[in-house]
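*Asks:* As input, take protein.cif (mmCIF, C-alpha atoms):
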data_final
loop_
_atom_site.label_atom_id
_atom_site.label_comp_id
_atom_site.auth_asym_id
_atom_site.auth_seq_id
_atom_site.Cartn_x
_atom_site.Cartn_y
_atom_site.Cartn_z
CA MET A 186 1.83 9.47 -29.09
CA LYS A 187 3.78 10.80 -32.09
CA ARG A 188 2.45 9.92 -35.52
CA ASN A 189 5.41 7.70 -36.44
CA ASP A 190 4.99 5.71 -33.23
CA ARG A 191 1.28 5.41 -33.92
CA LEU A 192 1.90 4.08 -37.43
CA ILE A 193 4.24 1.43 -36.04
CA ALA A 194 1.67 0.54 -33.38
CA ILE A 195 -1.00 0.09 -36.07
CA MET A 196 1.28 -2.19 -38.08
CA MET A 197 2.04 -4.28 -35.00
CA ALA A 198 -1.65 -4.59 -34.18
CA LEU A 199 -2.58 -5.61 -37.74
CA GLN A 200 0.14 -8.21 -37.81
CA GLN A 201 -1.68 -9.92 -34.91
CA ARG A 202 -5.25 -9.75 -36.21
CA PRO A 203 -7.68 -7.69 -38.31
CA GLU A 204 -8.70 -4.42 -36.65
CA THR A 205 -11.50 -1.96 -37.34
CA ALA A 206 -10.73 1.75 -37.45
CA GLN A 207 -12.90 2.29 -34.37
CA ALA A 208 -11.10 -0.40 -32.35
CA LEU A 209 -7.72 1.10 -33.21
CA ALA A 210 -8.98 4.59 -32.37
CA SER A 211 -10.10 3.41 -28.92
CA LYS A 212 -6.78 1.70 -28.18
CA LEU A 213 -4.64 4.59 -29.38
CA GLU A 214 -6.92 7.26 -27.92
CA VAL A 215 -7.40 9.19 -31.15
CA SER A 216 -10.36 9.78 -33.44
CA LYS A 217 -11.55 7.32 -36.06
CA ARG A 218 -10.79 9.94 -38.71
CA THR A 219 -7.16 10.07 -37.53
CA ILE A 220 -6.87 6.29 -37.91
CA LEU A 221 -8.30 6.45 -41.43
CA ARG A 222 -5.70 9.10 -42.34
CA ASP A 223 -2.99 6.89 -40.85
CA MET A 224 -4.19 3.95 -42.94
CA GLN A 225 -3.97 6.07 -46.07
CA ALA A 226 -0.45 7.17 -45.12
CA LEU A 227 0.63 3.55 -44.57
CA ALA A 228 -0.81 2.53 -47.94
CA GLU A 229 1.04 5.38 -49.65
CA MET A 230 4.27 4.18 -48.01
CA GLY A 231 3.77 0.79 -49.64
CA MET A 232 2.48 -1.19 -46.68
CA PRO A 233 0.45 -4.21 -47.97
CA LEU A 234 -2.91 -3.24 -46.40
CA TYR A 235 -6.41 -4.13 -47.48
CA ALA A 236 -9.87 -3.78 -45.96
CA LEU A 237 -12.90 -6.07 -45.76
CA SER A 238 -16.46 -4.94 -45.08
CA GLY A 239 -19.06 -6.71 -42.97
CA PRO A 240 -19.29 -7.88 -39.34
CA ALA A 241 -15.98 -9.77 -39.53
CA GLY A 242 -14.28 -7.10 -41.60
CA GLY A 243 -11.63 -4.52 -40.85
CA PHE A 244 -8.13 -3.64 -41.97
CA ARG A 245 -5.64 -6.44 -42.58
CA LEU A 246 -2.07 -7.03 -43.65
CA MET A 247 -1.29 -9.25 -46.61
CA ASP A 248 -0.42 -12.78 -45.54
CA GLY A 249 3.27 -13.33 -45.01
CA TYR A 250 4.20 -9.74 -44.19
CA LYS A 251 6.36 -9.62 -41.06
CA LEU A 252 8.13 -6.88 -39.14
CA PRO A 253 11.69 -7.52 -37.86
CA PRO A 254 11.51 -9.67 -34.70
CA LEU A 255 12.75 -9.04 -31.19
CA HIS A 256 14.56 -11.93 -29.54
CA PHE A 257 12.85 -13.11 -26.34
CA ASP A 258 13.18 -16.58 -24.92
CA SER A 259 9.99 -18.19 -23.59
CA GLN A 260 10.55 -17.13 -19.95
CA GLU A 261 11.27 -13.51 -20.91
CA ALA A 262 8.20 -13.42 -23.14
CA LEU A 263 6.05 -14.97 -20.43
CA ALA A 264 7.25 -12.44 -17.83
CA VAL A 265 6.59 -9.43 -20.04
CA LEU A 266 3.20 -10.54 -21.37
CA PHE A 267 2.03 -11.63 -17.92
CA SER A 268 2.82 -8.18 -16.53
CA LEU A 269 1.18 -6.36 -19.42
CA ASN A 270 -1.93 -8.56 -19.29
CA ALA A 271 -2.31 -7.65 -15.62
CA MET A 272 -2.24 -3.94 -16.46
CA THR A 273 -4.99 -4.33 -19.05
CA LYS A 274 -7.35 -5.45 -16.26
CA MET A 275 -6.97 -2.17 -14.39
CA ALA A 276 -9.57 0.56 -14.83
CA ASP A 277 -6.95 3.29 -15.27
CA THR A 278 -3.16 3.54 -15.44
CA PRO A 279 -0.52 6.07 -16.55
CA PHE A 280 -0.03 3.77 -19.55
CA ASN A 281 -3.57 3.33 -20.91
CA GLN A 282 -2.46 3.43 -24.52
CA ALA A 283 0.99 1.92 -24.09
CA ARG A 284 -0.20 -1.24 -22.31
CA PHE A 285 -2.13 -2.38 -25.41
CA THR A 286 0.41 -1.33 -28.03
CA ALA A 287 3.27 -2.96 -26.09
CA ILE A 288 1.44 -6.31 -26.08
CA ASP A 289 0.89 -6.13 -29.82
CA LYS A 290 4.50 -5.17 -30.53
CA ILE A 291 5.89 -8.02 -28.44
CA ARG A 292 3.50 -10.65 -29.77
CA ALA A 293 4.12 -9.53 -33.34
CA THR A 294 7.86 -10.05 -33.06
CA MET A 295 7.93 -13.40 -31.23
CA PRO A 296 8.53 -16.69 -33.08
CA GLU A 297 5.43 -18.83 -33.41
CA HIS A 298 6.88 -21.73 -31.42
CA ILE A 299 7.44 -19.49 -28.37
CA LEU A 300 3.89 -18.15 -28.59
CA GLN A 301 2.54 -21.71 -28.74
CA HIS A 302 4.59 -22.60 -25.67
CA ILE A 303 3.51 -19.68 -23.45
CA GLU A 304 -0.14 -19.19 -24.53
CA PRO A 305 -1.48 -22.12 -22.42
CA ILE A 306 0.43 -20.80 -19.40
CA LEU A 307 -0.82 -17.23 -19.84
CA ASP A 308 -4.39 -18.53 -19.99
CA ARG A 309 -3.96 -20.02 -16.50
CA LEU A 310 -1.88 -17.30 -14.91
CA GLU A 311 -3.27 -13.99 -13.70
CA ILE A 312 -3.10 -11.28 -11.08
CA SER A 313 -6.45 -10.83 -9.39
CA ILE A 314 -7.56 -7.20 -9.74
CA PRO A 315 -11.02 -6.10 -8.57
CA ASP A 316 -13.26 -4.62 -11.25
CA ARG A 317 -13.42 -0.89 -10.44
CA SER A 318 -15.30 1.79 -12.33
CA TYR A 319 -13.37 5.04 -11.87
CA LYS A 320 -11.00 7.41 -13.65
CA THR A 321 -7.75 9.01 -12.51
CA PRO A 322 -7.20 11.95 -14.88
CA LEU A 323 -4.47 13.40 -12.62
CA LEU A 324 -2.48 10.18 -12.27
CA GLU A 325 0.19 11.08 -14.82
CA LYS A 326 0.69 14.54 -13.31
CA LEU A 327 1.08 13.03 -9.84
CA LEU A 328 3.61 10.57 -11.20
CA GLN A 329 5.63 13.42 -12.73
CA TYR A 330 5.53 15.45 -9.51
CA ALA A 331 6.59 12.44 -7.42
CA GLY A 332 9.41 11.64 -9.83
CA THR A 333 10.78 15.20 -9.66
CA SER A 334 10.06 15.86 -5.95
CA ILE A 335 7.81 18.85 -6.65
CA TRP A 336 5.53 20.23 -3.95
CA ILE A 337 1.90 20.64 -4.97
CA ARG A 338 -1.31 22.24 -3.79
CA ALA A 339 -4.07 19.66 -4.19
CA PHE A 340 -7.81 19.94 -3.80
CA TYR A 341 -8.77 16.59 -2.32
CA ARG A 342 -12.16 15.12 -1.46
CA SER A 343 -12.27 12.37 1.15
CA GLU A 344 -15.24 10.74 2.83
CA GLN A 345 -15.28 13.43 5.54
CA HIS A 346 -13.69 16.51 3.96
CA GLN A 347 -13.16 18.53 0.81
CA ARG A 348 -10.14 20.75 1.23
CA SER A 349 -6.92 22.13 -0.16
CA LEU A 350 -3.69 20.43 0.96
CA GLU A 351 0.00 21.19 0.53
CA LEU A 352 1.69 17.90 -0.34
CA LEU A 353 4.98 16.44 -1.45
CA PRO A 354 4.15 13.29 -3.48
CA LEU A 355 6.58 10.51 -2.59
CA ARG A 356 5.41 7.42 -4.49
CA LEU A 357 2.41 5.95 -6.27
CA TYR A 358 1.20 2.38 -6.11
CA THR A 359 -1.84 0.30 -6.97
CA ALA A 360 -3.67 -2.05 -4.60
CA HIS A 361 -7.15 -3.59 -4.49
CA GLY A 362 -7.94 -2.08 -7.89
CA PHE A 363 -7.25 1.53 -6.82
CA TRP A 364 -4.31 3.90 -7.26
CA TYR A 365 -2.82 5.46 -4.15
CA CYS A 366 -0.34 8.28 -3.60
CA GLU A 367 1.88 8.41 -0.53
CA ALA A 368 2.66 12.05 0.20
CA TYR A 369 3.97 14.22 2.99
CA SER A 370 1.16 16.52 4.18
CA VAL A 371 1.93 19.92 5.74
CA LEU A 372 -1.52 19.99 7.38
CA HIS A 373 -1.04 16.62 9.10
CA GLU A 374 2.73 17.03 9.59
CA GLU A 375 3.27 13.42 8.56
CA GLN A 376 3.20 11.05 5.61
CA ARG A 377 -0.34 10.13 4.53
CA THR A 378 -1.88 7.91 1.85
CA PHE A 379 -4.40 9.41 -0.59
CA ARG A 380 -6.69 7.79 -3.18
CA VAL A 381 -5.64 9.18 -6.57
CA ASP A 382 -9.18 9.24 -7.98
CA ARG A 383 -10.17 11.66 -5.19
CA PHE A 384 -7.78 14.39 -6.33
CA VAL A 385 -9.75 17.13 -8.10
CA GLU A 386 -7.09 19.76 -8.86
CA LEU A 387 -3.29 19.92 -8.72
CA GLU A 388 -0.83 22.76 -9.13
CA PRO A 389 2.92 22.95 -8.45
CA ILE A 390 4.01 25.31 -5.67
CA ASP A 391 7.23 26.43 -4.02
CA PRO A 392 8.20 24.35 -0.97
CA PRO A 393 6.46 25.63 2.19
CA PRO A 394 8.71 27.63 4.58
CA ALA A 395 8.84 24.84 7.16
CA ALA A 396 9.05 21.99 4.62
CA SER A 397 12.59 20.93 5.55
CA ALA A 398 11.80 20.86 9.27
CA TYR A 399 8.65 18.81 8.67
CA LEU A 400 10.50 16.28 6.56
CA ASP A 401 13.43 16.03 8.99
CA LYS A 402 10.97 15.33 11.80
CA ALA A 403 9.20 12.65 9.77
CA ILE A 404 12.45 10.95 8.78
CA SER A 405 13.84 10.97 12.33
CA ALA A 406 10.65 9.50 13.82
CA GLU A 407 11.55 5.85 14.48
CA PRO A 408 8.97 3.10 15.07
CA GLY A 409 10.63 2.39 18.43
CA ALA A 410 9.62 5.83 19.65
CA MET A 411 5.91 5.06 19.22
CA GLU A 412 3.77 3.41 21.86
CA LEU A 413 3.07 -0.12 20.65
CA VAL A 414 0.60 -2.79 21.68
CA HIS A 415 1.22 -6.50 21.09
CA ILE A 416 -1.71 -8.23 19.39
CA ALA A 417 -2.17 -11.99 18.95
CA ALA A 418 -5.07 -13.68 17.19
CA GLN A 419 -6.12 -17.12 15.97
CA LEU A 420 -7.56 -17.29 12.47
CA THR A 421 -9.57 -19.70 10.37
CA TYR A 422 -8.61 -20.35 6.77
CA ARG A 423 -10.91 -17.56 5.59
CA GLY A 424 -9.62 -15.23 8.29
CA ALA A 425 -6.05 -15.92 7.19
CA LEU A 426 -6.90 -15.08 3.58
CA LEU A 427 -8.45 -11.77 4.67
CA ALA A 428 -5.53 -10.88 6.94
CA GLU A 429 -2.96 -11.74 4.27
CA GLN A 430 -4.44 -9.05 2.03
CA ASP A 431 -3.26 -6.30 4.36
CA PRO A 432 -0.06 -4.74 2.97
CA HIS A 433 1.32 -3.92 6.43
CA PHE A 434 1.07 -7.20 8.33
CA GLY A 435 -0.14 -9.81 5.82
CA GLN A 436 3.29 -11.45 5.83
CA LEU A 437 2.98 -12.12 9.57
CA VAL A 438 0.17 -14.67 9.20
CA LYS A 439 1.51 -18.17 9.94
CA GLN A 440 -0.13 -21.56 9.60
CA VAL A 441 0.29 -23.86 12.61
CA ASP A 442 -1.86 -26.79 11.46
CA SER A 443 -4.43 -27.68 8.81
CA GLN A 444 -7.21 -25.68 10.50
CA LEU A 445 -5.42 -22.93 12.44
CA TRP A 446 -3.45 -19.81 11.54
CA LEU A 447 -1.83 -17.30 13.91
CA LEU A 448 -1.28 -13.57 13.60
CA GLU A 449 1.04 -11.70 15.97
CA MET A 450 2.07 -8.08 15.52
CA ASP A 451 3.08 -4.93 17.38
CA LEU A 452 0.61 -2.21 16.45
CA PRO A 453 0.95 1.55 17.17
CA MET A 454 -1.66 2.67 19.71
CA SER A 455 -2.75 5.29 17.18
CA GLU A 456 -4.21 2.38 15.14
CA TRP A 457 -6.25 0.97 18.04
CA ASP A 458 -9.64 1.88 16.55
CA TRP A 459 -8.59 0.35 13.25
CA ALA A 460 -7.71 -2.95 15.01
CA VAL A 461 -11.13 -3.05 16.69
CA GLN A 462 -12.84 -2.48 13.35
CA PHE A 463 -10.65 -5.01 11.51
CA PHE A 464 -11.26 -7.93 13.88
CA THR A 465 -14.95 -7.07 14.20
CA HIS A 466 -15.19 -7.22 10.42
CA ILE A 467 -13.56 -10.67 10.28
CA GLY A 468 -16.09 -11.86 12.85
CA MET A 469 -16.12 -15.60 13.60
CA ASP A 470 -13.04 -16.15 11.43
CA ALA A 471 -10.76 -14.60 14.08
CA GLU A 472 -10.35 -14.70 17.84
CA VAL A 473 -8.08 -12.16 19.48
CA THR A 474 -6.21 -13.75 22.38
CA GLN A 475 -4.10 -10.73 23.41
CA PRO A 476 -4.44 -8.11 24.77
CA PRO A 477 -7.54 -8.40 26.99
CA ALA A 478 -8.34 -4.72 26.38
CA LEU A 479 -8.75 -5.40 22.68
CA ARG A 480 -11.05 -8.36 23.37
CA LYS A 481 -13.17 -6.07 25.54
CA ALA A 482 -13.25 -3.33 22.91
CA ILE A 483 -14.37 -5.80 20.23
CA TYR A 484 -17.07 -7.13 22.57
CA GLN A 485 -18.36 -3.61 23.16
CA ARG A 486 -18.40 -2.89 19.42
CA VAL A 487 -20.39 -6.10 18.75
CA CYS A 488 -22.86 -5.20 21.52
CA GLN A 489 -23.37 -1.78 19.97
CA LEU A 490 -24.02 -3.42 16.60
CA ALA A 491 -26.44 -5.92 18.13
CA ALA A 492 -28.29 -3.12 19.90
CA ARG A 493 -28.75 -1.27 16.64
CA TYR A 494 -30.43 -4.27 15.03
CA GLU A 495 -32.28 -5.47 18.10
CA GLN A 496 -35.95 -6.03 17.32
CA HIS A 497 -38.37 -4.14 19.51
CA GLU A 498 -41.73 -5.74 20.04
#
Mind converting the file's structure to structure tokens?

*Replies:*
Amino acid sequence: MKRNDRLIAIMMALQQRPETAQALASKLEVSKRTILRDMQALAEMGMPLYALSGPAGGFRLMDGYKLPPLHFDSQEALAVLFSLNAMTKMADTPFNQARFTAIDKIRATMPEHILQHIEPILDRLEISIPDRSYKTPLLEKLLQYAGTSIWIRAFYRSEQHQRSLELLPLRLYTAHGFWYCEAYSVLHEEQRTFRVDRFVELEPIDPPPAASAYLDKAISAEPGAMELVHIAAQLTYRGALLAEQDPHFGQLVKQVDSQLWLLEMDLPMSEWDWAVQFFTHIGMDAEVTQPPALRKAIYQRVCQLAARYEQHE
């Protein structure tokens, strides 16, 4: 962040509430000494700042000082603050600093009557994001490479492997509290999804010699060309909630009465093992009705699990 932008961000934050130098340093990702120098610069520019010592102390703006307002109506303000509040719950983003400063800037410029109207709604409105403890130091680089269609060589560690991959990042998204990168992989000759926090190193490279042919093959591969299996299952309420979380078929869950939900989908045969694992995991909250081969595979998986925990006298 440039110094002028940081000075504005400090003013916006102080207009909302008192702030200590350490709190501002953490939000703006600079040192405490830098914040103290910024405070001195603001004072020299004539900003009405003062500081209080003690547990409830910190830097403050003189009462009545206001920055020029933006003009949001209540729905616009609610939409923006709701989205920004959701981002503050995430462990890591490409906007770690910006997500906090944007909230302060918007709140600082809104009329008091709009804030009073939307605050009770914001307190009862949230996006559920699991609490994850991880860092994604290469997230911003990946975002830049995806945005400019640059091929990369990535050192990636998965549960089974640690290896170097040639990838073309296509898009990044967040789900279940993690960041994911969809990328075309030369090694796999198809589009794969990678956890961003598992990337260790990245470097831009020239497109591989066969890159165009790989991509043309991936684009021309239609779902109709794959071997599909039709799956039908009955779900309890809890089973429906679990199935709805899946980004690929969650929208296919349908309620038929107060106690029964149905899931029907056509699944590629390449995902057969995943289907066995998924319905085994749901357990008594799902019953697969079709196909019989899947019922048998789930039964065999459960028998294997029971055998592992069988007590031997």

*Asks:* Kindly give the distance, in Å, that separates CA of Ser443 in chain A and CA of Ala482 in chain A, rounded to a single decimal.

*Replies:* 29.5 Å

*Asks:* Looking at all atoms listed in the file, which of A:Thr359, A:Gln301, A:Gln419, A:Gln485 is the one that sits closest to Met469 in chain A?

*Replies:* A:Gln419

*Asks:* Could you list, as a PyMOL selection string, every residue matched by the PyMOL selection byres ((chain A and resi 437) around 8) in this structure?

*Replies:* chain A and resi 429+434-436+438-439+448-450

*Asks:* Just give me the gap between CA of Asp431 in chain A and CA of Arg493 in chain A in Å, one decimal is fine.

*Replies:*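 We find that CA of Asp431 in chain A and CA of Arg493 in chain A lie 28.7 Å from each other.
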
*Asks:* I'd like the neighbourhood of Ile288 in chain A as a PyMOL selection string, where a residue qualifies if any of its atoms comes within 9 Å (using all atoms listed in the file), though same-chain residues fewer than 2 positions away should be ignored.

*Replies:* chain A and resi 198+265-266+269-270+283-286+290-293

*Asks:* Nearest to Pro296 in chain A: which of A:Lys251, A:Lys212, A:Arg342, A:Arg191 is it, counting only C-alpha atoms?

*Replies:*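 Looking only at the distances to Pro296 in chain A, the closest residue turns out to be A:Lys251.
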
*Asks:* Give the padded box for range 262-269 of chain A as AutoDock Vina command-line options: axis-aligned, covering all atoms listed in the file, 8 Å on each side, centre and edge lengths in Å to one decimal.

*Replies:*
--center_x 4.7 --center_y -10.7 --center_z -19.8 --size_x 23.0 --size_y 24.6 --size_z 22.6

*Asks:* Do you have the CA of Gln225 in chain A-CA of Met196 in chain A distance handy?

*Replies:* 12.6 Å

*Asks:* Using only C-alpha atoms, pick whichever of A:Ala460, A:Leu300, A:Arg317, A:Asp451 has the shortest atom-to-atom distance to Glu261 in chain A.

*Replies:*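 Smallest separation from Glu261 in chain A among the options: A:Leu300.
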
*Asks:* Quick one: of A:Pro394, A:Pro432, A:Gly468, A:Pro476, who's nearest to Ile416 in chain A, counting all atoms listed in the file?

*Replies:*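 Looking only at the distances to Ile416 in chain A, the closest residue turns out to be A:Pro476.
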
*Asks:* Can you find the residues with an atom no farther than 12 Å from (-2.9, 6.5, -44.0), counting all atoms listed in the file, and report them as JSON, numbers by chain?

*Replies:* {"A": [188, 189, 191, 192, 193, 195, 196, 206, 217, 218, 219, 220, 221, 222, 223, 224, 225, 226, 227, 228, 229, 230, 231, 232, 233, 234, 235, 244]}

*Asks:* Would you export the selected residues with C-alpha atoms as a compact mmCIF listing (two decimals), in the frame of the given file, please?

*Replies:*
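Saved as again.txt:
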# COMPACT_ATOMS: atom_id res chain seq x y z
CA ARG A 188 2.45 9.92 -35.52
CA ASN A 189 5.41 7.70 -36.44
CA ARG A 191 1.28 5.41 -33.92
CA LEU A 192 1.90 4.08 -37.43
CA ILE A 193 4.24 1.43 -36.04
CA ILE A 195 -1.00 0.09 -36.07
CA MET A 196 1.28 -2.19 -38.08
CA ALA A 206 -10.73 1.75 -37.45
CA LYS A 217 -11.55 7.32 -36.06
CA ARG A 218 -10.79 9.94 -38.71
CA THR A 219 -7.16 10.07 -37.53
CA ILE A 220 -6.87 6.29 -37.91
CA LEU A 221 -8.30 6.45 -41.43
CA ARG A 222 -5.70 9.10 -42.34
CA ASP A 223 -2.99 6.89 -40.85
CA MET A 224 -4.19 3.95 -42.94
CA GLN A 225 -3.97 6.07 -46.07
CA ALA A 226 -0.45 7.17 -45.12
CA LEU A 227 0.63 3.55 -44.57
CA ALA A 228 -0.81 2.53 -47.94
CA GLU A 229 1.04 5.38 -49.65
CA MET A 230 4.27 4.18 -48.01
CA GLY A 231 3.77 0.79 -49.64
CA MET A 232 2.48 -1.19 -46.68
CA PRO A 233 0.45 -4.21 -47.97
CA LEU A 234 -2.91 -3.24 -46.40
CA TYR A 235 -6.41 -4.13 -47.48
CA PHE A 244 -8.13 -3.64 -41.97

*Asks:* Between A:Lys274, A:Arg383, A:Arg377, A:His361, which one has atoms that come closest to Pro322 in chain A, using only C-alpha atoms?

*Replies:*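 Between A:Lys274, A:Arg383, A:Arg377, A:His361, the residue approaching Pro322 in chain A most closely is A:Arg383.
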
*Asks:* Out of A:Phe379, A:Ile299, A:Pro392, A:Leu372, which residue has the shortest atom-to-atom distance to Ile335 in chain A when counting all atoms listed in the file?

*Replies:* A:Pro392

*Asks:* Considering all atoms listed in the file, return as a compact mmCIF listing (two decimals) with C-alpha atoms, keeping the file's coordinate frame whatever protein or nucleic-acid residues lie within 10 Å of Asp382 in chain A, sequence-local ones (same chain, fewer than 5 positions apart) excluded.

*Replies:*
# COMPACT_ATOMS: atom_id res chain seq x y z
CA ASP A 277 -6.95 3.29 -15.27
CA TYR A 319 -13.37 5.04 -11.87
CA LYS A 320 -11.00 7.41 -13.65
CA THR A 321 -7.75 9.01 -12.51
CA PRO A 322 -7.20 11.95 -14.88
CA LEU A 323 -4.47 13.40 -12.62
CA LEU A 324 -2.48 10.18 -12.27
CA TYR A 341 -8.77 16.59 -2.32
CA ARG A 342 -12.16 15.12 -1.46
CA PHE A 363 -7.25 1.53 -6.82
CA TRP A 364 -4.31 3.90 -7.26
CA TYR A 365 -2.82 5.46 -4.15
CA CYS A 366 -0.34 8.28 -3.60

*Asks:* Could you tell me, as an MDAnalysis selection string, exactly which residues end up selected when the PyMOL selection byres ((chain A and resi 336) around 12) is applied to this structure?

*Replies:* chainID A and resid 326:327 329:335 337:339 350:355 368:371 387:394 396:397

*Asks:* Residues at most 9 Å from Asp470 in chain A, counting all atoms listed in the file, excluding those fewer than 2 positions away in the same chain, as a list of chain:residue names?

*Replies:*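 Within the cut-off, the hits are A:Gln419, A:Leu420, A:Thr421, A:Tyr422, A:Arg423, A:Gly424, A:Ala425, A:Phe464, A:Ile467, A:Gly468, A:Glu472.
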
*Asks:* Fewer than 6 positions away in the same chain doesn't count, so skip those; otherwise give me all residues within 10 Å of Gln200 in chain A, counting all atoms listed in the file, as a list in words.

*Replies:* Ala194, Arg245, Leu246, Met247, Asp248, Gly249, Tyr250, Lys251, Leu252, Asp289, Lys290, Arg292, Ala293 and Thr294 of chain A

*Asks:* Using C-alpha atoms, can you export the residues from the last selection as a PDB file, keeping the file's coordinate frame?

*Replies:*
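Output below, filename out31.pdb:
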ATOM      1  CA  ALA A 194       1.670   0.540 -33.380  1.00  0.00           C
ATOM      2  CA  ARG A 245      -5.640  -6.440 -42.580  1.00  0.00           C
ATOM      3  CA  LEU A 246      -2.070  -7.030 -43.650  1.00  0.00           C
ATOM      4  CA  MET A 247      -1.290  -9.250 -46.610  1.00  0.00           C
ATOM      5  CA  ASP A 248      -0.420 -12.780 -45.540  1.00  0.00           C
ATOM      6  CA  GLY A 249       3.270 -13.330 -45.010  1.00  0.00           C
ATOM      7  CA  TYR A 250       4.200  -9.740 -44.190  1.00  0.00           C
ATOM      8  CA  LYS A 251       6.360  -9.620 -41.060  1.00  0.00           C
ATOM      9  CA  LEU A 252       8.130  -6.880 -39.140  1.00  0.00           C
ATOM     10  CA  ASP A 289       0.890  -6.130 -29.820  1.00  0.00           C
ATOM     11  CA  LYS A 290       4.500  -5.170 -30.530  1.00  0.00           C
ATOM     12  CA  ARG A 292       3.500 -10.650 -29.770  1.00  0.00           C
ATOM     13  CA  ALA A 293       4.120  -9.530 -33.340  1.00  0.00           C
ATOM     14  CA  THR A 294       7.860 -10.050 -33.060  1.00  0.00           C
TER      15      THR A 294
END

*Asks:* Specify as a PyMOL selection string each residue included when the PyMOL selection byres ((chain A and resi 258-260) around 8) is applied to this file.

*Replies:* chain A and resi 256-257+261-264+299-300+302-303

*Asks:* Could you write range 466-471 of chain A as a PDB file, in the coordinates of the input, with all heavy atoms rebuilt where they are missing?

*Replies:*
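Dumped to selection.pdb:
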ATOM      1  N   HIS A 466     -14.812  -6.912  11.801  1.00  0.00           N
ATOM      2  CA  HIS A 466     -15.190  -7.220  10.420  1.00  0.00           C
ATOM      3  C   HIS A 466     -14.952  -8.696  10.094  1.00  0.00           C
ATOM      4  O   HIS A 466     -15.779  -9.342   9.446  1.00  0.00           O
ATOM      5  CB  HIS A 466     -14.384  -6.336   9.460  1.00  0.00           C
ATOM      6  CG  HIS A 466     -14.439  -6.771   8.037  1.00  0.00           C
ATOM      7  ND1 HIS A 466     -15.578  -6.673   7.269  1.00  0.00           N
ATOM      8  CD2 HIS A 466     -13.497  -7.335   7.237  1.00  0.00           C
ATOM      9  CE1 HIS A 466     -15.331  -7.142   6.060  1.00  0.00           C
ATOM     10  NE2 HIS A 466     -14.085  -7.552   6.019  1.00  0.00           N
ATOM     11  N   ILE A 467     -13.850  -9.254  10.547  1.00  0.00           N
ATOM     12  CA  ILE A 467     -13.560 -10.670  10.280  1.00  0.00           C
ATOM     13  C   ILE A 467     -14.549 -11.577  11.010  1.00  0.00           C
ATOM     14  O   ILE A 467     -14.861 -12.675  10.555  1.00  0.00           O
ATOM     15  CB  ILE A 467     -12.105 -10.995  10.668  1.00  0.00           C
ATOM     16  CG1 ILE A 467     -11.136 -10.318   9.697  1.00  0.00           C
ATOM     17  CG2 ILE A 467     -11.857 -12.494  10.663  1.00  0.00           C
ATOM     18  CD1 ILE A 467      -9.686 -10.645   9.932  1.00  0.00           C
ATOM     19  N   GLY A 468     -15.050 -11.115  12.144  1.00  0.00           N
ATOM     20  CA  GLY A 468     -16.090 -11.860  12.850  1.00  0.00           C
ATOM     21  C   GLY A 468     -15.631 -13.198  13.377  1.00  0.00           C
ATOM     22  O   GLY A 468     -14.599 -13.313  14.050  1.00  0.00           O
ATOM     23  N   MET A 469     -16.390 -14.262  13.050  1.00  0.00           N
ATOM     24  CA  MET A 469     -16.120 -15.600  13.600  1.00  0.00           C
ATOM     25  C   MET A 469     -14.880 -16.240  12.989  1.00  0.00           C
ATOM     26  O   MET A 469     -14.486 -17.320  13.410  1.00  0.00           O
ATOM     27  CB  MET A 469     -17.336 -16.495  13.370  1.00  0.00           C
ATOM     28  CG  MET A 469     -18.593 -16.031  14.091  1.00  0.00           C
ATOM     29  SD  MET A 469     -18.357 -15.963  15.892  1.00  0.00           S
ATOM     30  CE  MET A 469     -18.192 -17.720  16.252  1.00  0.00           C
ATOM     31  N   ASP A 470     -14.243 -15.595  12.040  1.00  0.00           N
ATOM     32  CA  ASP A 470     -13.040 -16.150  11.430  1.00  0.00           C
ATOM     33  C   ASP A 470     -11.769 -15.694  12.146  1.00  0.00           C
ATOM     34  O   ASP A 470     -10.667 -15.919  11.657  1.00  0.00           O
ATOM     35  CB  ASP A 470     -12.967 -15.773   9.950  1.00  0.00           C
ATOM     36  CG  ASP A 470     -14.016 -16.518   9.137  1.00  0.00           C
ATOM     37  OD1 ASP A 470     -13.939 -17.757   9.108  1.00  0.00           O
ATOM     38  OD2 ASP A 470     -14.907 -15.870   8.564  1.00  0.00           O
ATOM     39  N   ALA A 471     -11.921 -15.008  13.276  1.00  0.00           N
ATOM     40  CA  ALA A 471     -10.760 -14.600  14.080  1.00  0.00           C
ATOM     41  C   ALA A 471     -11.149 -14.567  15.547  1.00  0.00           C
ATOM     42  O   ALA A 471     -12.289 -14.266  15.902  1.00  0.00           O
ATOM     43  CB  ALA A 471     -10.253 -13.234  13.636  1.00  0.00           C
TER      44      ALA A 471
END
